[in-house]
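What follows is a set of notes on a single structure, which appears directly below.
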Amino acid sequence: MLGFGHVVESVVSAASSPDLDPVTVALQSSWGGGKSSALKLIAKQLEDQNDFVVVRCDPWEYDDLPKAEVRALLISQVLQKLTTKKGFVGDTKRLLKRIQWVKAGATLTNMVLARALDAKDLIEAFSPGADEPTSMAGFRDEFEALMRDATGIRKVMVLVDDLDRCSPDSVVAILEAIKVFLSVPKMAFVLAAEEALIRFAIERSTNSGARNTYSDRYLEKIVQLPIRLPTLSRDDAETYIALLLAHRRDEDPARTQALVDHVSQRRSEGKKPYLSGPYEDHVQKPHPEDLALAAQIARVLSIDTWSSPRAIKRFLNAWGVRVSIAGDRGASLDLGVMLKLYLLEDRFPTSFAMLVETPPEQRGSLLDDWEAWGRSELNDSTYTRPEGVDDETRAWASADPRLASVAGRIDAYLTVAATFTSASAGEGLSTDALALMDDLLAISDTARRTALEDVGVLPVEERNAVIVRLIQRAGAVDTNIAVSSAAELAKSDPGLAAVFHRAVKEHALRLLTPSAVVDIASVPGARDTLALLINDANIEDDVRNLAGEELRSLDNGQS
């Protein structure tokens with residue numbers, strides 16, 4: 001569906017090339033860019049070839065282990081796969097024995113240090129034989145000899161997924177296992193990871209600080225071929241969405257697959273639009289409703305969403321849940337209407353919250369004014385932006401379908417959607433925003449100030465999400481720092497204050513300290529939040545008392 005065929009071919013060609021042996025490929029993309037999907041396509045193509053051995057590895061599954069054990073597990077996976085390869089002849093037992101001793105040694109050492117075992121009692125029980133290897137010294141030479149003598153194997157392809165989810169120490173352990181022990185002829189590695197996060201992991205694990213030169217050189221020694229997955233264009237996103245909607249209909253899986261193949265063929269031939277005909281009889285022709293919805297979604301989504309396959313799927317899943325539940329509660333609305341409402345919720349949560357909080361009898365006039373303003377010319381002063389509506393919603397308001405005409409029938413949908421808003425608002429942050437989160441929660445005032453400046457240039461929906469994520473994490477990190485950073489960001493734009501206070505009420509009300517109360521009071525619109533603190537008997541007395549003082553101060557200042 002995504003048109004990654006040429007990327008898969010490039011990786012397979014690189015792995016097969018005698019000029020790149022051994023080779024490590026870095027398969028890169030931003031968050032949700034399709035790295036895992038591309039790895040599956042690579043595996044599917046290679047597993048059908050008898051002279052390839054494919055090892056799928058997800059180090060995130062053992063991310064909580066010490067570095068030595070992470071290295072050992074990756075190496076063990078490669079050796080075990082070779083052992084089970086039909087027709088493979090080679091002594092992997094000796095090499096596996098090395099790994100077992102390394103893992104056992106690490107475990108026993110930790111137990112001795114913890115005084116769980118007596119070291120003297122272990123010596124005799126765990127003494128190796130005279131010629132039995134017990135360390136990794138010389139492992140690479142033995143492994144190289146094993147691979148050199150392995151007949152019928154052109155390449156062992158190790159596909160490492162989710163590397164950018166791992167802790168910094170685990171990331172470096174995987175890179176070390178590849179470079180130091182496994183990088184010998186007939187070996188190829190594909191690392192699916194966002195490069196910026198790998199650099200960050202190297203800097204953290206090796207204590208090199210933010211010295212980019214060090215992480216650059218480190219990666220250059222390991223990765224010979226960086227390949228970046230293509231970023232979806234708006235046309236690509238619209239095609240992908242339409243194919244997902246066609247797949248959802250599931251009229252005939254074979255005919256749906258034929259539609260995907262039809263699109264793939266047109267893409268390879270450079271014929272746009274990809275979903276155009278003529279269609280052969282065995283191809284499922286796109287449903288007009290799916291085409292219309294796909295165009296509506298792609299037109300209004302933010303670039304961070306429509307350029308990411310994962311974000312598109314998350315968007316469709318979240319919208320689908322709302323549609324399903326709202327339907328069960330009697331919201332008999334056109335799909336296009338519910339989609340437009342969800343686009344508002346997803347992209348402009350502050351304006352969506354204002355719509356939800358507007359009394360039902362006033363929603364019709366609000367939407368009428370809102371959509372009239374959206375459809376008017378930019379210099380037409382006849383129509384003004386309704387109070388409380390984000391200026392960025394103009395394109396959304398101008399798009400079809402018109403909501404004012406169905407304002408009396410959207411209550412059930414809004415009731416359902418409002419219960420989901422707080423849970424979804426902080427999800428799906430871009431790589432840039434996620435990288436800034438660490439600095440926003442740093443102890444250093446300088447680091448936080450710099451990060452706040454950087455976040456300030458992000459799109460408004462991303463700043464909304466950053467505020468929510470900071471407050472959601474208040475219980476797991478330093479609460480004062482999380483609230484302080486979120487408050488400073490909220491004060492940078494009048495439209496963000498409501499997002500901040502709603503997040504505090506829903507996620508952090510009973511986590512607050514006196515210092516956090518002062519930060520909350522500094523954000524416009526704090527009265528309701530302070531009143532909740534004062535009236536909640538489960539809040540600590542010092543927090544409630546200070547909230548009362550801050551509320552009185554606000555009232556005196558207003559008067």
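The way I read the labels, and the way they are meant: chains A, B, ... in the order of the structure tokens, residue 1 as the first residue of every chain, and ligand 1 as the first ligand shown, with later ones counted on from there.
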
Point to revise | For Leu551 of chain A: contacts at 12 Å, only C-alpha atoms, fewer than 3 positions along chain excluded, given as a PyMOL selection string | key: chain A and resi 517-518+520-522+524-534+544-548+554-558

Restricted to N, CA, C and O atoms, what would the selected residues look like written as a CSV table (one decimal), in the first residue's frame?
```
chain,number,residue,atom,x,y,z
A,517,VAL,N,1.5,24.7,42.5
A,517,VAL,CA,0.3,25.6,42.6
A,517,VAL,C,0.6,27.0,42.1
A,517,VAL,O,-0.2,27.6,41.4
A,518,VAL,N,1.8,27.5,42.4
A,518,VAL,CA,2.2,28.8,42.0
A,518,VAL,C,2.3,28.9,40.5
A,518,VAL,O,1.8,29.8,39.9
A,520,ILE,N,0.6,27.0,38.4
A,520,ILE,CA,-0.7,26.8,37.8
A,520,ILE,C,-1.4,28.2,37.9
A,520,ILE,O,-2.1,28.6,36.9
A,521,ALA,N,-1.3,28.9,39.0
A,521,ALA,CA,-1.9,30.2,39.2
A,521,ALA,C,-1.4,31.2,38.2
A,521,ALA,O,-2.1,32.2,37.9
A,522,SER,N,-0.2,31.0,37.6
A,522,SER,CA,0.3,32.0,36.7
A,522,SER,C,-0.2,31.9,35.3
A,522,SER,O,0.0,32.7,34.4
A,524,PRO,N,-3.2,31.9,32.7
A,524,PRO,CA,-4.6,32.5,32.6
A,524,PRO,C,-5.7,31.4,32.7
A,524,PRO,O,-5.5,30.3,32.1
A,525,GLY,N,-6.8,31.7,33.3
A,525,GLY,CA,-7.9,30.8,33.5
A,525,GLY,C,-7.7,29.8,34.6
A,525,GLY,O,-8.3,28.7,34.6
A,526,ALA,N,-6.9,30.2,35.6
A,526,ALA,CA,-6.6,29.3,36.7
A,526,ALA,C,-7.7,29.1,37.8
A,526,ALA,O,-7.6,28.3,38.6
A,527,ARG,N,-8.7,30.0,37.8
A,527,ARG,CA,-9.7,30.0,38.9
A,527,ARG,C,-10.3,28.6,39.1
A,527,ARG,O,-10.4,28.2,40.3
A,528,ASP,N,-10.8,28.0,38.1
A,528,ASP,CA,-11.5,26.7,38.2
A,528,ASP,C,-10.6,25.7,38.8
A,528,ASP,O,-10.9,24.9,39.6
A,529,THR,N,-9.3,25.7,38.3
A,529,THR,CA,-8.4,24.7,38.8
A,529,THR,C,-8.0,24.9,40.2
A,529,THR,O,-8.0,23.9,41.0
A,530,LEU,N,-7.8,26.1,40.6
A,530,LEU,CA,-7.5,26.5,42.0
A,530,LEU,C,-8.7,26.1,42.9
A,530,LEU,O,-8.6,25.6,44.0
A,531,ALA,N,-9.9,26.4,42.4
A,531,ALA,CA,-11.1,26.1,43.2
A,531,ALA,C,-11.3,24.6,43.4
A,531,ALA,O,-11.7,24.1,44.5
A,532,LEU,N,-10.9,23.8,42.4
A,532,LEU,CA,-11.0,22.3,42.6
A,532,LEU,C,-10.0,21.9,43.7
A,532,LEU,O,-10.3,21.0,44.5
A,533,LEU,N,-8.8,22.5,43.7
A,533,LEU,CA,-7.8,22.1,44.7
A,533,LEU,C,-8.3,22.5,46.1
A,533,LEU,O,-8.2,21.7,47.0
A,534,ILE,N,-8.9,23.6,46.2
A,534,ILE,CA,-9.4,24.1,47.5
A,534,ILE,C,-10.5,23.1,48.1
A,534,ILE,O,-10.6,22.8,49.3
A,544,ARG,N,-3.8,22.9,49.5
A,544,ARG,CA,-5.1,23.6,49.4
A,544,ARG,C,-5.0,25.0,50.0
A,544,ARG,O,-5.7,25.9,49.4
A,545,ASN,N,-4.3,25.2,51.0
A,545,ASN,CA,-4.1,26.5,51.6
A,545,ASN,C,-3.5,27.5,50.6
A,545,ASN,O,-3.9,28.7,50.5
A,546,LEU,N,-2.4,27.0,50.0
A,546,LEU,CA,-1.8,27.9,49.0
A,546,LEU,C,-2.7,28.2,47.8
A,546,LEU,O,-2.7,29.3,47.3
A,547,ALA,N,-3.5,27.2,47.4
A,547,ALA,CA,-4.4,27.4,46.3
A,547,ALA,C,-5.4,28.5,46.7
A,547,ALA,O,-5.8,29.4,45.9
A,548,GLY,N,-5.8,28.5,48.0
A,548,GLY,CA,-6.7,29.6,48.4
A,548,GLY,C,-6.1,30.9,48.4
A,548,GLY,O,-6.7,31.9,48.0
A,554,LEU,N,-5.6,36.4,42.9
A,554,LEU,CA,-6.1,36.6,41.5
A,554,LEU,C,-7.4,37.5,41.6
A,554,LEU,O,-7.5,38.4,40.8
A,555,ASP,N,-8.2,37.3,42.5
A,555,ASP,CA,-9.5,38.1,42.7
A,555,ASP,C,-9.1,39.5,43.0
A,555,ASP,O,-9.7,40.4,42.5
A,556,ASN,N,-8.2,39.7,43.9
A,556,ASN,CA,-7.8,41.1,44.3
A,556,ASN,C,-7.1,41.8,43.1
A,556,ASN,O,-7.4,43.0,42.9
A,557,GLY,N,-6.3,41.0,42.3
A,557,GLY,CA,-5.7,41.6,41.2
A,557,GLY,C,-6.7,42.1,40.1
A,557,GLY,O,-6.6,43.1,39.5
A,558,GLN,N,-7.8,41.3,40.0
A,558,GLN,CA,-8.8,41.6,39.0
A,558,GLN,C,-9.6,42.8,39.4
A,558,GLN,O,-9.9,43.7,38.6
```

Practice item. Using only C-alpha atoms, determine which residues lie at most 6 Å from segment 392-398 of chain A, disregarding the query and same-chain residues fewer than 3 positions distant; provide the list as a list in words. Key: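 Result of the neighbour search: Glu371, Gly374 and Arg375 of chain A.
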
Point to revise | segment 251-402 of chain A: residues DSSP assigns to alpha helix (DSSP H), reported as a PyMOL selection string | key: chain A and resi 253-268+288-300+303-306+309-328+335-347+349-357+360-375+394-398

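The shortest atom-to-atom distance to Asp334 of chain A, with only C-alpha atoms taken into account, belongs to A:Arg409 out of A:Arg154, A:Lys285, A:Arg204, A:Arg409.
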
Review point. Out of A:Ala497, A:Thr450, A:Asp369, A:Arg322, which residue has the shortest atom-to-atom distance to Val416 of chain A when counting only C-alpha atoms?
Key: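 Of A:Ala497, A:Thr450, A:Asp369, A:Arg322, the one nearest Val416 of chain A, counting only C-alpha atoms, is A:Arg322.
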
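In this model, the gap between atom CA of Arg510 of chain A and atom CA of Val483 of chain A comes to 12.7 Å.
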
**Study point:** Shell of 10 Å around Ile325 of chain A, only C-alpha atoms, local chain residues under 6 positions omitted, as a ChimeraX atom specification
**Key:** /A:331,412-413,416-417

Next, the residues of the selection above should be written as a compact mmCIF listing (two decimals), in the first residue's frame with C-alpha atoms.
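As written to disk, out10.txt reads:
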```txt
# COMPACT_ATOMS: atom_id res chain seq x y z
CA ALA A 331 -25.92 9.25 16.57
CA ALA A 412 -24.37 11.91 21.10
CA TYR A 413 -21.16 12.00 19.06
CA VAL A 416 -18.65 10.05 23.22
CA ALA A 417 -15.71 11.97 21.74
```

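Between atom CA of Pro286 of chain A and atom CA of Trp31 of chain A lies a distance of 29.0 Å.
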
Review point. How many Å lie between atom CA of Ser444 of chain A and atom CA of Asn480 of chain A, rounded to one decimal?
Key: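 Going from atom CA of Ser444 of chain A over to atom CA of Asn480 of chain A covers 13.0 Å.
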
Review point. So which residues touch Ser37 of chain A within 12 Å, counting only C-alpha atoms, skipping near sequence neighbours fewer than 6 positions away, as a ChimeraX atom specification?
Key: /A:1-5,7-8,27,29,43-44,159,161-162,192,229,309-310

Residues from last step as file, N, CA and C atoms, as a PDB file, in the first residue's frame:
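This went into selection.pdb:
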```pdb
ATOM      1  N   MET A   1       0.809  -1.216   0.000  1.00  0.00           N
ATOM      2  CA  MET A   1       0.000   0.000   0.000  1.00  0.00           C
ATOM      3  C   MET A   1       0.846   1.272   0.000  1.00  0.00           C
ATOM      4  N   LEU A   2       2.047   1.205   0.582  1.00  0.00           N
ATOM      5  CA  LEU A   2       2.884   2.388   0.744  1.00  0.00           C
ATOM      6  C   LEU A   2       3.875   2.589  -0.393  1.00  0.00           C
ATOM      7  N   GLY A   3       4.030   1.595  -1.250  1.00  0.00           N
ATOM      8  CA  GLY A   3       4.970   1.740  -2.352  1.00  0.00           C
ATOM      9  C   GLY A   3       6.417   1.637  -1.931  1.00  0.00           C
ATOM     10  N   PHE A   4       6.722   0.755  -0.984  1.00  0.00           N
ATOM     11  CA  PHE A   4       8.091   0.581  -0.506  1.00  0.00           C
ATOM     12  C   PHE A   4       8.878  -0.463  -1.300  1.00  0.00           C
ATOM     13  N   GLY A   5       8.307  -0.948  -2.406  1.00  0.00           N
ATOM     14  CA  GLY A   5       8.953  -2.026  -3.152  1.00  0.00           C
ATOM     15  C   GLY A   5      10.360  -1.688  -3.575  1.00  0.00           C
ATOM     16  N   VAL A   7      12.464   0.315  -2.155  1.00  0.00           N
ATOM     17  CA  VAL A   7      13.359   0.322  -0.994  1.00  0.00           C
ATOM     18  C   VAL A   7      13.759  -1.096  -0.631  1.00  0.00           C
ATOM     19  N   VAL A   8      12.785  -2.008  -0.649  1.00  0.00           N
ATOM     20  CA  VAL A   8      13.066  -3.414  -0.360  1.00  0.00           C
ATOM     21  C   VAL A   8      14.074  -3.966  -1.364  1.00  0.00           C
ATOM     22  N   LEU A  27      18.086   1.458   8.091  1.00  0.00           N
ATOM     23  CA  LEU A  27      16.799   1.759   7.459  1.00  0.00           C
ATOM     24  C   LEU A  27      16.104   2.813   8.316  1.00  0.00           C
ATOM     25  N   SER A  29      13.601   6.276   9.152  1.00  0.00           N
ATOM     26  CA  SER A  29      12.416   7.092   8.893  1.00  0.00           C
ATOM     27  C   SER A  29      12.047   7.745  10.208  1.00  0.00           C
ATOM     28  N   ALA A  43      12.008  -9.468   4.835  1.00  0.00           N
ATOM     29  CA  ALA A  43      12.036 -10.852   5.321  1.00  0.00           C
ATOM     30  C   ALA A  43      11.227 -11.760   4.403  1.00  0.00           C
ATOM     31  N   LYS A  44      10.060 -11.292   3.985  1.00  0.00           N
ATOM     32  CA  LYS A  44       9.197 -12.105   3.123  1.00  0.00           C
ATOM     33  C   LYS A  44       9.896 -12.441   1.813  1.00  0.00           C
ATOM     34  N   LEU A 159      17.758  -8.856  10.816  1.00  0.00           N
ATOM     35  CA  LEU A 159      16.847  -7.712  10.767  1.00  0.00           C
ATOM     36  C   LEU A 159      16.532  -7.273  12.192  1.00  0.00           C
ATOM     37  N   ASP A 161      14.679  -4.806  14.617  1.00  0.00           N
ATOM     38  CA  ASP A 161      13.555  -3.868  14.654  1.00  0.00           C
ATOM     39  C   ASP A 161      13.488  -3.165  16.001  1.00  0.00           C
ATOM     40  N   ASP A 162      12.814  -2.018  16.012  1.00  0.00           N
ATOM     41  CA  ASP A 162      12.518  -1.272  17.243  1.00  0.00           C
ATOM     42  C   ASP A 162      13.768  -0.893  18.031  1.00  0.00           C
ATOM     43  N   ALA A 192      16.550  -1.034  11.806  1.00  0.00           N
ATOM     44  CA  ALA A 192      15.405  -0.148  11.613  1.00  0.00           C
ATOM     45  C   ALA A 192      15.334   0.808  12.797  1.00  0.00           C
ATOM     46  N   LEU A 229      13.465   5.700   4.223  1.00  0.00           N
ATOM     47  CA  LEU A 229      12.164   5.435   3.614  1.00  0.00           C
ATOM     48  C   LEU A 229      11.559   6.739   3.126  1.00  0.00           C
ATOM     49  N   PRO A 309       2.645   6.771   8.144  1.00  0.00           N
ATOM     50  CA  PRO A 309       1.679   5.680   8.041  1.00  0.00           C
ATOM     51  C   PRO A 309       1.080   5.276   9.383  1.00  0.00           C
ATOM     52  N   ARG A 310       1.921   5.231  10.421  1.00  0.00           N
ATOM     53  CA  ARG A 310       1.406   4.828  11.737  1.00  0.00           C
ATOM     54  C   ARG A 310       0.411   5.855  12.258  1.00  0.00           C
TER      55      ARG A 310
END
```

Review point. Using only C-alpha atoms, which residue out of A:Asn535, A:Ser485, A:Ser276, A:Ser215 lies closest to Ala242 of chain A?
Key: A:Ser276

Practice item. Rank A:Ala372, A:Val543, A:Ala237, A:Ala474 by their smallest atom-to-atom distance to Ala298 of chain A, using only C-alpha atoms, and report the top residue only. Key: A:Ala237

Check your understanding: Leaving out segment 248-260 of chain A and any residue of its chain fewer than 4 positions from it, which residues lie within 12 Å of it when counting only C-alpha atoms, given as a VMD selection string?
Key -> chain A and resid 1 to 3 239 to 244 264 to 267 274 to 287 289 to 290 313 316 to 317 320

Writer output for current selection, C-alpha atoms, as a PDB file, in the first residue's frame:
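The file below, again-v8.pdb, is the result:
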```
ATOM      1  CA  MET A   1       0.000   0.000   0.000  1.00  0.00           C
ATOM      2  CA  LEU A   2       2.884   2.388   0.744  1.00  0.00           C
ATOM      3  CA  GLY A   3       4.970   1.740  -2.352  1.00  0.00           C
ATOM      4  CA  THR A 239      -4.074   6.825  -1.694  1.00  0.00           C
ATOM      5  CA  TYR A 240      -2.995   4.946   1.436  1.00  0.00           C
ATOM      6  CA  ILE A 241      -6.097   6.060   3.350  1.00  0.00           C
ATOM      7  CA  ALA A 242      -8.380   5.029   0.490  1.00  0.00           C
ATOM      8  CA  LEU A 243      -6.726   1.580   0.349  1.00  0.00           C
ATOM      9  CA  LEU A 244      -7.134   1.137   4.111  1.00  0.00           C
ATOM     10  CA  SER A 264       1.468  -0.440  -7.141  1.00  0.00           C
ATOM     11  CA  GLN A 265       1.669  -0.895 -10.897  1.00  0.00           C
ATOM     12  CA  ARG A 266       0.508   2.659 -11.612  1.00  0.00           C
ATOM     13  CA  ARG A 267       2.956   3.990  -9.026  1.00  0.00           C
ATOM     14  CA  TYR A 274      -2.758   6.038  -8.501  1.00  0.00           C
ATOM     15  CA  LEU A 275      -6.369   5.026  -7.834  1.00  0.00           C
ATOM     16  CA  SER A 276      -7.569   5.857 -11.333  1.00  0.00           C
ATOM     17  CA  GLY A 277      -8.759   3.247 -13.819  1.00  0.00           C
ATOM     18  CA  PRO A 278      -9.230   1.555 -16.110  1.00  0.00           C
ATOM     19  CA  TYR A 279      -9.816  -1.411 -13.810  1.00  0.00           C
ATOM     20  CA  GLU A 280      -9.773  -5.016 -14.854  1.00  0.00           C
ATOM     21  CA  ASP A 281     -12.715  -7.196 -13.833  1.00  0.00           C
ATOM     22  CA  HIS A 282     -10.850  -8.916 -10.974  1.00  0.00           C
ATOM     23  CA  VAL A 283      -9.949  -5.564  -9.326  1.00  0.00           C
ATOM     24  CA  GLN A 284     -12.175  -4.084  -6.607  1.00  0.00           C
ATOM     25  CA  LYS A 285     -13.105  -0.630  -7.863  1.00  0.00           C
ATOM     26  CA  PRO A 286     -12.731   2.004  -5.103  1.00  0.00           C
ATOM     27  CA  HIS A 287     -16.023   2.914  -3.447  1.00  0.00           C
ATOM     28  CA  GLU A 289     -17.525   7.129  -0.304  1.00  0.00           C
ATOM     29  CA  ASP A 290     -14.012   5.840   0.496  1.00  0.00           C
ATOM     30  CA  LYS A 313      -3.641   4.258  11.143  1.00  0.00           C
ATOM     31  CA  LEU A 316      -8.441   6.011  11.472  1.00  0.00           C
ATOM     32  CA  ASN A 317      -8.619   3.641  14.447  1.00  0.00           C
ATOM     33  CA  GLY A 320     -13.563   4.353  13.932  1.00  0.00           C
TER      34      GLY A 320
END
```

Exercise for review: Determine, counting only C-alpha atoms, which protein, DNA and RNA residues have an atom within 8 Å of an atom of segment 142-150 of chain A; residues of the same chain fewer than 2 positions away are not included. Present the result as number ranges by chain.
Suggested key: A: 88-92, 95, 138-140, 152-153, 181-182, 184-186

Create the file for the chosen residues now, containing N, CA and C atoms and written as a PDB file, in the first residue's frame.
```pdb
ATOM      1  N   PHE A  88      22.769 -26.941   6.867  1.00  0.00           N
ATOM      2  CA  PHE A  88      23.928 -26.245   7.425  1.00  0.00           C
ATOM      3  C   PHE A  88      24.822 -27.229   8.165  1.00  0.00           C
ATOM      4  N   VAL A  89      26.104 -27.149   7.900  1.00  0.00           N
ATOM      5  CA  VAL A  89      27.087 -27.994   8.580  1.00  0.00           C
ATOM      6  C   VAL A  89      28.111 -27.078   9.232  1.00  0.00           C
ATOM      7  N   GLY A  90      28.235 -27.162  10.511  1.00  0.00           N
ATOM      8  CA  GLY A  90      29.186 -26.313  11.218  1.00  0.00           C
ATOM      9  C   GLY A  90      29.006 -26.487  12.713  1.00  0.00           C
ATOM     10  N   ASP A  91      30.083 -26.274  13.460  1.00  0.00           N
ATOM     11  CA  ASP A  91      30.048 -26.471  14.899  1.00  0.00           C
ATOM     12  C   ASP A  91      29.653 -25.170  15.595  1.00  0.00           C
ATOM     13  N   THR A  92      28.364 -25.007  15.776  1.00  0.00           N
ATOM     14  CA  THR A  92      27.895 -23.822  16.495  1.00  0.00           C
ATOM     15  C   THR A  92      27.868 -24.058  18.010  1.00  0.00           C
ATOM     16  N   LEU A  95      30.630 -22.239  19.952  1.00  0.00           N
ATOM     17  CA  LEU A  95      30.390 -20.804  20.063  1.00  0.00           C
ATOM     18  C   LEU A  95      29.230 -20.508  21.014  1.00  0.00           C
ATOM     19  N   GLY A 138      38.545 -14.183  21.061  1.00  0.00           N
ATOM     20  CA  GLY A 138      38.722 -15.061  19.910  1.00  0.00           C
ATOM     21  C   GLY A 138      37.435 -15.500  19.246  1.00  0.00           C
ATOM     22  N   PHE A 139      36.281 -15.026  19.755  1.00  0.00           N
ATOM     23  CA  PHE A 139      34.992 -15.442  19.193  1.00  0.00           C
ATOM     24  C   PHE A 139      34.880 -15.058  17.725  1.00  0.00           C
ATOM     25  N   ARG A 140      35.254 -13.845  17.403  1.00  0.00           N
ATOM     26  CA  ARG A 140      35.080 -13.352  16.034  1.00  0.00           C
ATOM     27  C   ARG A 140      35.837 -14.214  15.029  1.00  0.00           C
ATOM     28  N   GLY A 152      26.380 -23.397   0.879  1.00  0.00           N
ATOM     29  CA  GLY A 152      24.952 -23.223   0.603  1.00  0.00           C
ATOM     30  C   GLY A 152      24.342 -21.992   1.236  1.00  0.00           C
ATOM     31  N   ILE A 153      25.150 -21.141   1.869  1.00  0.00           N
ATOM     32  CA  ILE A 153      24.646 -19.913   2.476  1.00  0.00           C
ATOM     33  C   ILE A 153      25.328 -18.725   1.817  1.00  0.00           C
ATOM     34  N   PHE A 181      31.719  -8.612  17.147  1.00  0.00           N
ATOM     35  CA  PHE A 181      31.654 -10.073  17.124  1.00  0.00           C
ATOM     36  C   PHE A 181      31.065 -10.678  15.844  1.00  0.00           C
ATOM     37  N   LEU A 182      30.125 -10.007  15.204  1.00  0.00           N
ATOM     38  CA  LEU A 182      29.373 -10.652  14.126  1.00  0.00           C
ATOM     39  C   LEU A 182      29.670 -10.122  12.723  1.00  0.00           C
ATOM     40  N   VAL A 184      31.359 -10.217   9.937  1.00  0.00           N
ATOM     41  CA  VAL A 184      32.312 -11.017   9.167  1.00  0.00           C
ATOM     42  C   VAL A 184      31.677 -11.302   7.797  1.00  0.00           C
ATOM     43  N   PRO A 185      32.442 -11.750   6.810  1.00  0.00           N
ATOM     44  CA  PRO A 185      31.855 -12.063   5.495  1.00  0.00           C
ATOM     45  C   PRO A 185      30.665 -13.009   5.599  1.00  0.00           C
ATOM     46  N   LYS A 186      29.711 -12.809   4.702  1.00  0.00           N
ATOM     47  CA  LYS A 186      28.430 -13.508   4.619  1.00  0.00           C
ATOM     48  C   LYS A 186      27.415 -13.013   5.648  1.00  0.00           C
TER      49      LYS A 186
END
```

**Study point:** Proximity to Ser365 of chain A - best of A:Pro386, A:Leu232, A:Leu73, A:His6, only C-alpha atoms
**Key:**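 The shortest atom-to-atom distance to Ser365 of chain A comes from A:Pro386.
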
Practice item. Check the DSSP output for the backbone and give back, as a list in words, the residues of segment 220-301 of chain A in strand (DSSP E or B). Key: Leu225, Pro226, Ile227 and Arg228 of chain A

Could those residues be written to a file, using all heavy atoms, as a short mmCIF file (atom, residue, chain, number, x, y, z; two decimals), in the first residue's frame?
```cif
data_model
loop_
_atom_site.label_atom_id
_atom_site.label_comp_id
_atom_site.auth_asym_id
_atom_site.auth_seq_id
_atom_site.Cartn_x
_atom_site.Cartn_y
_atom_site.Cartn_z
N LEU A 225 25.68 1.69 4.79
CA LEU A 225 24.68 2.14 3.82
C LEU A 225 23.43 2.64 4.53
O LEU A 225 22.60 1.84 4.97
CB LEU A 225 24.32 0.98 2.87
CG LEU A 225 23.37 1.31 1.73
CD1 LEU A 225 23.96 2.35 0.80
CD2 LEU A 225 23.03 0.04 0.95
N PRO A 226 23.25 3.96 4.64
CA PRO A 226 22.00 4.49 5.18
C PRO A 226 20.95 4.61 4.08
O PRO A 226 21.24 5.12 2.99
CB PRO A 226 22.39 5.87 5.72
CG PRO A 226 23.59 6.27 4.91
CD PRO A 226 24.27 5.01 4.44
N ILE A 227 19.76 4.10 4.34
CA ILE A 227 18.65 4.20 3.38
C ILE A 227 17.45 4.77 4.12
O ILE A 227 17.07 4.27 5.18
CB ILE A 227 18.29 2.82 2.79
CG1 ILE A 227 19.44 2.28 1.94
CG2 ILE A 227 17.02 2.92 1.94
CD1 ILE A 227 19.17 0.93 1.32
N ARG A 228 16.89 5.84 3.57
CA ARG A 228 15.75 6.48 4.22
C ARG A 228 14.46 6.14 3.47
O ARG A 228 14.40 6.26 2.25
CB ARG A 228 15.93 7.99 4.27
CG ARG A 228 14.90 8.66 5.15
CD ARG A 228 15.34 10.03 5.61
NE ARG A 228 14.49 10.48 6.71
CZ ARG A 228 14.70 10.24 7.99
NH1 ARG A 228 15.77 9.57 8.35
NH2 ARG A 228 13.87 10.67 8.91
#
```

Check your understanding: Restricting the calculation to only C-alpha atoms, which member of A:Leu39, A:Leu511, A:Leu20, A:Val171 is positioned closest to Leu74 of chain A?
Key ->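 Among A:Leu39, A:Leu511, A:Leu20, A:Val171, it is A:Val171 that comes nearest to Leu74 of chain A.
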